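*Asks:* Quick one: the structure is below, questions incoming.
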Amino acid sequence: MQAINEALKKAQIILEEGGVIGLPTETVYGLAARIDIPSAIEKIFTTKERPFFDPLIVHVSSIDMAKKVTAYWGPASEALAEVFWPGPLTMVLPRDPSVNTMITSGLETVGIRMPNHPLALELIQEVGVPLAAPSANKFGKTSPTSAGHVRVEFKNENVFVLDGGDCDIGIESTVLLVRHRADKVELSILRRGHILRSDLERVLNEKGITFEFLEKIDKRESPGHMKHHYMPPIPLIVVTEPNLKPDQALKLINNKMSELPEEIESVKIQKPKNGIHSYELLKLSADPLLATREFYAQLREVAARGKDCILFYREDSQVGERWESLFDRLNKAASLIL
Ligand code: AMP
Ligand code: MG
């Protein structure tokens with residue numbers, strides 16, 4: 001208890017002084033700074049080597065705090081926040097003019113969520129100001145789900161990490177664009193996550209809110225969605241053909257070496273000069289909730305075993321909304337899909 005209180009105090013002081021800290025949440029660890037200190041926000045981008053066009057999520061500890069950073073809150077946000085907050089749902093809403101545009105990458109909207117982690121909530125409440133936080137990994141690399149992952153990722157930058165244990169959910173929040181129109185609410189899922197479209201529909205129906213999901217969204221409304229992301233340091237190859245034996249897969253990969261870049265969207269991937277001769281299998285639990293919780297940690301562990309590549313066999317049983325949220329990450333982490 002004493003140690004936790006001291007760690008919370010230390011985190012608060014670092015934030016006050018304009019620093020960044022590793023923040024535990026139920027999704028993944030964040031790299032957090034106070035939204036009211038521009039130099040601290042800038043530090044998030046430089047520490048992560050993240051491009052400025054990729055907006056940050058603002059983390060709050062109460063609905064009142066969320067209202068302060070939005071220009072319009074509205075009945076749909078109220079209904080969804082009541083049910084899903086604290087939790088892994090980020091709502092993109094009109095930005096209050098006081099929110100620094102560095103956080104929103106110049107957009108007129110702001111992404112907000114209330115994390116479901118006692119330490120994160122206590123820290124934000126103590127600080128009294130929302131914290132902007134993207135995932136605590138170098139841009140394009142695998143997200144962190146433990147304090148140790150964050151320390152390793154930023155060992156050169158010496159980032160203080162508030163240790164809140166392993167993340168319960170294991171993948172980033174669902175990002176939902178919410179537009180209150182005169183006659184209905186228009187919704188778009190900008191990023192899949194633990195909260196599913198069916199969960200959102202059920203709650204809005206129960207609350208009697210008229211809504212419509214829009215599939216096609218303007219790319220400008222959803223920046224930061226790169227084709228590649230979450231990548232381990234060695235190539236991850238997704239095999240969708242179950243009868244393709246690992247040896248055959250390696251042969252195919254070596255034939256396609258030219259399709260296996262050493263750098264993807266400015267993220268470096270180790271590619272052995274003499275071809276790919278060894279592999280490690282990435283195996284996931286049959287239950288998608290467990291598989292999601294383990295995913296990033298497994299990816300890091302398997303990548304660290306000194307082999308040339310990682311093979312993941314996609315199975316026919318891995319279907320449904322939950323697996324889709326996970327495969328959204330897995331496919332982006334892959335260098336090649338066979
Ligand atoms: P990360 O913090 O790394 O999980 O990334 C946060 C993601 O949330 C960004 O890459 C965007 O895709 C999304 N996001 C945050 N704020 C906004 C916004 N105002 N409009 C659209 N998407 C947003
Ligand atoms: Mg991220």
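Note on naming: chains are A, B, ... as they come in the structure tokens, residues start from 1 per chain, ligands start from 1 in the order shown.
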Can you check which parts of chain A lie within 8 Å of ligand 2? Per residue, the shortest pair of atoms and distance in Å to one decimal, counting only C-alpha atoms and all ligand atoms, sorted by chain and number, as a tab-separated table.

*Replies:*
```
residue	atom	partner	partner_atom_place_in_ligand_line	distance
A:Pro134	CA	ligand 2	1 (Mg)	5.7
A:Ser135	CA	ligand 2	1 (Mg)	4.4
A:Ala136	CA	ligand 2	1 (Mg)	7.3
A:Asn137	CA	ligand 2	1 (Mg)	7.0
A:Phe139	CA	ligand 2	1 (Mg)	7.1
A:Gly140	CA	ligand 2	1 (Mg)	7.3
A:Ser143	CA	ligand 2	1 (Mg)	6.3
A:Glu172	CA	ligand 2	1 (Mg)	7.4
A:His229	CA	ligand 2	1 (Mg)	7.7
A:Tyr230	CA	ligand 2	1 (Mg)	7.3
```

*Asks:* Take the selection from the previous step and output its residues with N, CA, C and O atoms, as a tab-separated table (two decimals), in the first residue's frame.

*Replies:*
```
chain	number	residue	atom	x	y	z
A	134	PRO	N	-0.93	7.69	-25.64
A	134	PRO	CA	-0.98	6.63	-26.64
A	134	PRO	C	-0.37	5.37	-26.02
A	134	PRO	O	0.06	5.41	-24.86
A	135	SER	N	-0.35	4.28	-26.75
A	135	SER	CA	0.27	3.07	-26.20
A	135	SER	C	1.77	3.32	-26.00
A	135	SER	O	2.40	4.05	-26.77
A	136	ALA	N	2.33	2.69	-24.96
A	136	ALA	CA	3.71	2.97	-24.55
A	136	ALA	C	4.71	2.07	-25.29
A	136	ALA	O	5.38	1.24	-24.69
A	137	ASN	N	4.77	2.25	-26.61
A	137	ASN	CA	5.72	1.52	-27.43
A	137	ASN	C	6.27	2.49	-28.47
A	137	ASN	O	5.64	3.50	-28.77
A	139	PHE	N	6.87	3.86	-32.07
A	139	PHE	CA	5.88	3.90	-33.16
A	139	PHE	C	5.99	2.65	-34.06
A	139	PHE	O	7.08	2.29	-34.50
A	140	GLY	N	4.84	2.01	-34.29
A	140	GLY	CA	4.79	0.87	-35.19
A	140	GLY	C	5.10	-0.46	-34.56
A	140	GLY	O	4.91	-1.50	-35.18
A	143	SER	N	2.59	-3.42	-28.88
A	143	SER	CA	2.11	-2.68	-27.70
A	143	SER	C	2.49	-3.42	-26.42
A	143	SER	O	2.64	-4.63	-26.42
A	172	GLU	N	-5.84	-2.63	-27.57
A	172	GLU	CA	-6.27	-1.25	-27.45
A	172	GLU	C	-7.80	-1.13	-27.48
A	172	GLU	O	-8.49	-2.01	-27.99
A	229	HIS	N	1.53	-2.00	-38.12
A	229	HIS	CA	1.49	-1.51	-36.75
A	229	HIS	C	1.84	-2.72	-35.87
A	229	HIS	O	1.79	-3.84	-36.36
A	230	TYR	N	2.13	-2.50	-34.63
A	230	TYR	CA	2.28	-3.58	-33.64
A	230	TYR	C	3.37	-4.59	-34.00
A	230	TYR	O	3.36	-5.73	-33.55
```

*Asks:* At a cut-off of 7 Å and counting only C-alpha atoms and all ligand atoms, what residues surround ligand 1? Please answer as a PyMOL selection string.

*Replies:* chain A and resi 54-57+92+104+107+109-111+133-135+172+175+190-191+221-225

*Asks:* DSSP on the backbone: what in range 115-287 of chain A comes out strand (DSSP E or B), as a PyMOL selection string?

*Replies:* chain A and resi 131-133+135+141+160-161+174-180+185-191+211-213+231+236-239+263-264+267-268+279-281

*Asks:* Print the selection's residues with N, CA and C atoms to a file, as a CSV table (one decimal), in the first residue's frame.

*Replies:*
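Okay, this is what ended up in selection-v1.csv:
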```csv
chain,number,residue,atom,x,y,z
A,131,LEU,N,-5.2,13.0,-18.7
A,131,LEU,CA,-3.8,12.7,-19.2
A,131,LEU,C,-4.0,12.2,-20.7
A,132,ALA,N,-3.2,12.7,-21.6
A,132,ALA,CA,-3.1,12.2,-22.9
A,132,ALA,C,-2.2,11.0,-22.9
A,133,ALA,N,-2.6,9.9,-23.6
A,133,ALA,CA,-1.7,8.8,-23.6
A,133,ALA,C,-1.9,7.9,-24.8
A,135,SER,N,-0.3,4.3,-26.7
A,135,SER,CA,0.3,3.1,-26.2
A,135,SER,C,1.8,3.3,-26.0
A,141,LYS,N,5.6,-0.4,-33.3
A,141,LYS,CA,6.0,-1.7,-32.7
A,141,LYS,C,4.9,-2.3,-31.8
A,160,PHE,N,9.7,6.5,-16.1
A,160,PHE,CA,9.2,5.9,-14.9
A,160,PHE,C,7.8,5.2,-15.2
A,161,VAL,N,7.7,4.0,-14.7
A,161,VAL,CA,6.4,3.2,-15.0
A,161,VAL,C,5.7,3.0,-13.7
A,174,THR,N,-11.7,0.1,-28.3
A,174,THR,CA,-12.5,0.3,-29.4
A,174,THR,C,-12.6,1.8,-29.6
A,175,VAL,N,-12.4,2.3,-30.8
A,175,VAL,CA,-12.5,3.8,-31.1
A,175,VAL,C,-13.8,4.0,-31.9
A,176,LEU,N,-14.7,4.8,-31.3
A,176,LEU,CA,-16.0,5.1,-31.9
A,176,LEU,C,-16.2,6.6,-32.2
A,177,LEU,N,-16.4,6.9,-33.4
A,177,LEU,CA,-16.7,8.3,-33.8
A,177,LEU,C,-18.2,8.5,-33.5
A,178,VAL,N,-18.6,9.5,-32.7
A,178,VAL,CA,-20.0,9.7,-32.4
A,178,VAL,C,-20.4,11.1,-32.9
A,179,ARG,N,-21.4,11.1,-33.8
A,179,ARG,CA,-21.9,12.4,-34.4
A,179,ARG,C,-23.3,12.6,-34.1
A,180,HIS,N,-23.7,13.5,-33.2
A,180,HIS,CA,-25.1,13.8,-32.9
A,180,HIS,C,-25.7,14.7,-34.0
A,185,VAL,N,-28.2,9.6,-34.3
A,185,VAL,CA,-26.8,9.7,-34.0
A,185,VAL,C,-26.1,8.8,-35.0
A,186,GLU,N,-25.0,9.4,-35.6
A,186,GLU,CA,-24.3,8.6,-36.6
A,186,GLU,C,-23.0,8.1,-35.9
A,187,LEU,N,-22.8,6.8,-36.1
A,187,LEU,CA,-21.6,6.1,-35.4
A,187,LEU,C,-20.7,5.5,-36.4
A,188,SER,N,-19.4,5.5,-36.2
A,188,SER,CA,-18.5,4.8,-37.0
A,188,SER,C,-17.4,4.2,-36.1
A,189,ILE,N,-17.2,2.9,-36.3
A,189,ILE,CA,-16.1,2.2,-35.5
A,189,ILE,C,-14.8,2.5,-36.3
A,190,LEU,N,-13.9,3.3,-35.6
A,190,LEU,CA,-12.6,3.7,-36.3
A,190,LEU,C,-11.6,2.6,-36.0
A,191,ARG,N,-11.7,1.9,-34.9
A,191,ARG,CA,-10.8,0.8,-34.5
A,191,ARG,C,-11.5,-0.2,-33.7
A,211,PHE,N,-30.1,5.6,-34.0
A,211,PHE,CA,-28.7,5.7,-34.4
A,211,PHE,C,-28.5,4.9,-35.7
A,212,GLU,N,-27.4,5.2,-36.4
A,212,GLU,CA,-27.1,4.5,-37.6
A,212,GLU,C,-25.6,4.3,-37.6
A,213,PHE,N,-25.1,3.1,-38.0
A,213,PHE,CA,-23.7,2.9,-38.1
A,213,PHE,C,-23.3,3.2,-39.6
A,231,MET,N,4.3,-4.2,-34.9
A,231,MET,CA,5.2,-5.2,-35.4
A,231,MET,C,6.3,-5.7,-34.5
A,236,LEU,N,6.9,-11.6,-38.8
A,236,LEU,CA,5.8,-12.4,-38.4
A,236,LEU,C,5.0,-12.8,-39.7
A,237,ILE,N,4.9,-14.1,-40.0
A,237,ILE,CA,4.2,-14.6,-41.2
A,237,ILE,C,2.9,-15.3,-40.8
A,238,VAL,N,1.8,-14.8,-41.3
A,238,VAL,CA,0.5,-15.4,-41.0
A,238,VAL,C,0.2,-16.5,-42.1
A,239,VAL,N,0.0,-17.7,-41.7
A,239,VAL,CA,-0.3,-18.8,-42.7
A,239,VAL,C,-1.8,-19.0,-42.7
A,263,GLU,N,12.3,-2.7,-43.8
A,263,GLU,CA,11.8,-1.6,-43.2
A,263,GLU,C,10.3,-1.4,-43.7
A,264,ILE,N,9.4,-1.3,-42.8
A,264,ILE,CA,8.0,-1.1,-43.2
A,264,ILE,C,7.5,0.2,-42.5
A,267,VAL,N,9.6,1.4,-39.8
A,267,VAL,CA,9.9,0.5,-38.7
A,267,VAL,C,10.8,-0.6,-39.2
A,268,LYS,N,11.9,-0.8,-38.5
A,268,LYS,CA,12.9,-1.8,-39.0
A,268,LYS,C,12.6,-3.2,-38.5
A,279,TYR,N,12.2,-21.0,-37.4
A,279,TYR,CA,11.0,-20.3,-37.1
A,279,TYR,C,10.5,-20.7,-35.7
A,280,GLU,N,9.7,-19.9,-35.1
A,280,GLU,CA,9.0,-20.2,-33.8
A,280,GLU,C,7.5,-20.0,-34.1
A,281,LEU,N,6.7,-20.9,-33.5
A,281,LEU,CA,5.3,-20.8,-33.8
A,281,LEU,C,4.7,-19.9,-32.7
```

*Asks:* In terms of the shortest atom-to-atom distance over only C-alpha atoms, which of A:Lys138, A:Arg34, A:Arg314, A:Arg192 is closest to Ile124 in chain A?

*Replies:*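 Of the candidates, the smallest distance to Ile124 in chain A is held by A:Arg34.
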
*Asks:* Considering only C-alpha atoms, give me a table of residues in range 193-235 of chain A that are at most 8 Å from range 298-303 of chain A, with the closest atom pair and distance in Å for each, as JSON lines.

*Replies:*
```
{"residue": "A:Pro232", "atom": "CA", "partner": "A:Ala303", "partner_atom": "CA", "distance": 6.5}
{"residue": "A:Pro233", "atom": "CA", "partner": "A:Ala303", "partner_atom": "CA", "distance": 6.8}
{"residue": "A:Ile234", "atom": "CA", "partner": "A:Ala303", "partner_atom": "CA", "distance": 6.3}
```

*Asks:* Calculated over only C-alpha atoms, which of the candidates A:Ile63, A:Ser278, A:Glu259, A:Gly30 has the smallest distance to Arg305 in chain A?

*Replies:* A:Ser278

*Asks:* Would you work out the distance separating CA of Pro97 in chain A from CA of Val58 in chain A, expressed in Å to one decimal?

*Replies:* 14.3 Å

*Asks:* Choose the residue, out of A:Asn205, A:Ser105, A:Thr145, A:Asn158, that has the smallest atom-to-atom separation from Phe45 in chain A; count only C-alpha atoms.

*Replies:*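 Closest residue, counting only C-alpha atoms: A:Ser105.
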
*Asks:* Run DSSP on the backbone and grab whatever in range 136-321 of chain A lands in alpha helix (DSSP H); send it over as a PyMOL selection string.

*Replies:* chain A and resi 147-153+197-206+246-255+288-303+321

*Asks:* Pick out the closest residue to Ala334 in chain A from this set: A:Asp287, A:Asp308, A:Ile269, A:Ser62. Count only C-alpha atoms.

*Replies:* A:Ile269

*Asks:* For Thr240 in chain A, please output as a list in words all residues within 8 Å (counting only C-alpha atoms; exclusion window: fewer than 6 positions along the same chain).

*Replies:*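 So, after excluding close chain neighbours, the residues are Tyr313, Arg314, Glu315, Ile337 and Leu338 of chain A.
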
*Asks:* Only N, CA and C atoms, please: the residues just picked out, written as an mmCIF file, in the first residue's frame.

*Replies:*
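Output below, filename again_18.cif:
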```
data_model
loop_
_atom_site.group_PDB
_atom_site.id
_atom_site.type_symbol
_atom_site.label_atom_id
_atom_site.label_comp_id
_atom_site.auth_asym_id
_atom_site.auth_seq_id
_atom_site.Cartn_x
_atom_site.Cartn_y
_atom_site.Cartn_z
ATOM 1 N N TYR A 313 -0.348 -19.847 -37.564
ATOM 2 C CA TYR A 313 -1.353 -20.543 -38.382
ATOM 3 C C TYR A 313 -2.742 -20.097 -37.986
ATOM 4 N N ARG A 314 -3.438 -19.466 -38.912
ATOM 5 C CA ARG A 314 -4.812 -19.054 -38.643
ATOM 6 C C ARG A 314 -5.710 -20.281 -38.778
ATOM 7 N N GLU A 315 -6.575 -20.492 -37.767
ATOM 8 C CA GLU A 315 -7.431 -21.688 -37.770
ATOM 9 C C GLU A 315 -8.872 -21.345 -38.137
ATOM 10 N N ILE A 337 1.515 -12.386 -45.463
ATOM 11 C CA ILE A 337 0.387 -13.305 -45.215
ATOM 12 C C ILE A 337 0.402 -14.339 -46.326
ATOM 13 N N LEU A 338 0.533 -15.604 -45.940
ATOM 14 C CA LEU A 338 0.593 -16.680 -46.956
ATOM 15 C C LEU A 338 -0.753 -17.366 -47.081
#
```

*Asks:* With only C-alpha atoms as the atoms that count, which of A:Thr70, A:Ser317, A:Gln270, A:Thr47 lies nearest to Val159 in chain A?

*Replies:*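 Closest residue, counting only C-alpha atoms: A:Thr47.
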
*Asks:* Taking into account only C-alpha atoms, which residue in the set A:Val203, A:Ile14, A:Leu23, A:Ile35 is nearest to Ser77 in chain A?

*Replies:*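 With only C-alpha atoms as the atom set, the closest residue is A:Val203.
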
*Asks:* Any idea what's packed within 10 Å of Ile253 in chain A, counting only C-alpha atoms, ignoring anything in its chain fewer than 2 positions away? Could you give it as a tab-separated table (two decimals) with N, CA, C and O atoms, in the first residue's frame?

*Replies:*
```
chain	number	residue	atom	x	y	z
A	237	ILE	N	4.86	-14.11	-39.96
A	237	ILE	CA	4.20	-14.56	-41.18
A	237	ILE	C	2.91	-15.29	-40.80
A	237	ILE	O	2.93	-16.22	-39.99
A	247	ASP	N	7.92	-26.30	-43.05
A	247	ASP	CA	9.06	-26.35	-43.98
A	247	ASP	C	8.69	-25.78	-45.34
A	247	ASP	O	9.47	-25.07	-45.97
A	248	GLN	N	7.47	-26.15	-45.78
A	248	GLN	CA	6.98	-25.62	-47.07
A	248	GLN	C	6.79	-24.10	-46.97
A	248	GLN	O	7.09	-23.37	-47.92
A	249	ALA	N	6.28	-23.67	-45.83
A	249	ALA	CA	6.06	-22.23	-45.62
A	249	ALA	C	7.39	-21.48	-45.71
A	249	ALA	O	7.48	-20.44	-46.36
A	250	LEU	N	8.44	-22.05	-45.08
A	250	LEU	CA	9.76	-21.39	-45.12
A	250	LEU	C	10.26	-21.27	-46.56
A	250	LEU	O	10.83	-20.26	-46.95
A	251	LYS	N	10.05	-22.36	-47.34
A	251	LYS	CA	10.47	-22.32	-48.76
A	251	LYS	C	9.77	-21.18	-49.49
A	251	LYS	O	10.40	-20.40	-50.21
A	255	ASN	N	11.30	-17.79	-51.22
A	255	ASN	CA	11.04	-17.41	-52.62
A	255	ASN	C	10.48	-15.99	-52.72
A	255	ASN	O	10.55	-15.37	-53.77
A	256	LYS	N	9.85	-15.56	-51.63
A	256	LYS	CA	9.22	-14.23	-51.65
A	256	LYS	C	10.05	-13.22	-50.87
A	256	LYS	O	9.51	-12.21	-50.41
A	257	MET	N	11.35	-13.51	-50.70
A	257	MET	CA	12.18	-12.62	-49.86
A	257	MET	C	12.08	-11.16	-50.27
A	257	MET	O	12.15	-10.26	-49.43
A	258	SER	N	11.88	-10.94	-51.58
A	258	SER	CA	11.81	-9.55	-52.03
A	258	SER	C	10.55	-8.86	-51.51
A	258	SER	O	10.49	-7.64	-51.40
A	259	GLU	N	9.53	-9.69	-51.16
A	259	GLU	CA	8.29	-9.10	-50.62
A	259	GLU	C	8.39	-8.86	-49.11
A	259	GLU	O	7.46	-8.39	-48.48
A	260	LEU	N	9.54	-9.26	-48.56
A	260	LEU	CA	9.73	-9.15	-47.12
A	260	LEU	C	10.67	-7.97	-46.84
A	260	LEU	O	11.88	-8.11	-46.84
A	275	GLY	N	18.77	-15.74	-45.86
A	275	GLY	CA	17.46	-16.37	-45.94
A	275	GLY	C	16.92	-16.76	-44.57
A	275	GLY	O	17.60	-16.64	-43.55
A	276	ILE	N	15.68	-17.23	-44.60
A	276	ILE	CA	14.99	-17.55	-43.34
A	276	ILE	C	14.98	-19.08	-43.17
A	276	ILE	O	14.42	-19.79	-43.99
A	277	HIS	N	15.68	-19.55	-42.14
A	277	HIS	CA	15.83	-21.01	-41.98
A	277	HIS	C	15.22	-21.55	-40.71
A	277	HIS	O	15.07	-22.76	-40.55
A	309	CYS	N	12.17	-16.15	-37.91
A	309	CYS	CA	10.83	-15.58	-38.11
A	309	CYS	C	9.81	-16.23	-37.17
A	309	CYS	O	10.13	-17.20	-36.47
A	336	LEU	N	4.13	-10.63	-43.81
A	336	LEU	CA	3.67	-11.38	-44.97
A	336	LEU	C	2.48	-12.25	-44.58
A	336	LEU	O	2.44	-12.78	-43.46
A	337	ILE	N	1.52	-12.39	-45.46
A	337	ILE	CA	0.39	-13.30	-45.21
A	337	ILE	C	0.40	-14.34	-46.33
A	337	ILE	O	0.37	-13.99	-47.52
A	338	LEU	N	0.53	-15.60	-45.94
A	338	LEU	CA	0.59	-16.68	-46.96
A	338	LEU	C	-0.75	-17.37	-47.08
A	338	LEU	O	-1.42	-17.60	-46.09
```

*Asks:* Name the residues in contact with Pro118 in chain A at a cut-off of 10 Å, using only C-alpha atoms, excluding same-chain residues fewer than 5 positions from it; report them as a list in words.

*Replies:* Pro24, Thr25, Glu26, Ser61, Pro86, Leu123 and Gly164 of chain A
